[in-house]
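Colleague: Structure provided below as structure tokens; questions to follow.
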Amino acid sequence: MKKLICIMGVLILTVTGCQKQQNESQREDVQYAVCRQSVLPKELKQIIKEEKKEACHFTYSTQDYIYYVVGYGRQKGKGYQIKVKSFQMDESHIYIDTTLIGVTKEHQKEGTSYPYLVLKSQYYEKDAVFR
């Protein structure tokens with residue numbers, strides 16, 4: 001009986017693992033632009049100013065575009081970069097995967113920063129998933 005339960009458990013894990021891989025392969029890349037603060041809508045600038053002190057991620061939309069904001073909160077030092085690992089979509093979601101690239105201990109002594117990234121794409125009626 002225990003062998004049967006173990007075999008069923010392995011089969012379930014195998015099937016769900018295969019399903020996840022199939023879903024990810026059905027995704028397509030999204031065209032986007034990385035935005036400088038100078039080109040952002042005034043209202044979005046204000047929201048970022050309020051939210052950037054803590055780690056955050058949110059979207060902001062206009063009539064034609066949607067902005068995806070990823071913030072890493074307060075960090076020691078200056079010179080951090082944010083890398084977009086992937087920006088993809090399937091039929092119901094937008095998936096954004098980013099990572100914070102750190103700085104040396106020397107640069108950590110240079111004050112405080114609030115690294116964030118704003119990505120702009122055409123407007124999609126889909127939920128965003130941030131990683």
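Letters A, B, ... mark the chains of the structure tokens in the order given; residue numbers begin at 1 per chain; ligand numbers begin at 1, in order shown.
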Could you pull out all residues of chain A with a DSSP call of alpha helix (DSSP H) and give them as a count of residues only?
Modeller: 38
Colleague: Taking 2 positions as the minimum chain separation for residues in the same chain, which residues sit within 10 Å of region 67-84 of chain A when counting only C-alpha atoms? Answer as a ChimeraX atom specification.
Modeller: /A:32-35,40-41,44,48,51-62,65,86-87,96-123,128,130-131
Colleague: By how many Å are CA of Val39 (chain A) and CA of Glu91 (chain A) apart?
Modeller: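 Taking CA of Val39 (chain A) as the start and CA of Glu91 (chain A) as the end point, the length is 29.5 Å.
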Colleague: So how many Å separate CA of Lys42 (chain A) and CA of Asp64 (chain A), to one decimal?
Modeller: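 CA of Asp64 (chain A) lies 15.8 Å from CA of Lys42 (chain A).
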Colleague: Counting only C-alpha atoms, which residue out of A:Val129, A:Lys45, A:Tyr95, A:Asp90 sits closest to Arg27 (chain A)?
Modeller: A:Asp90
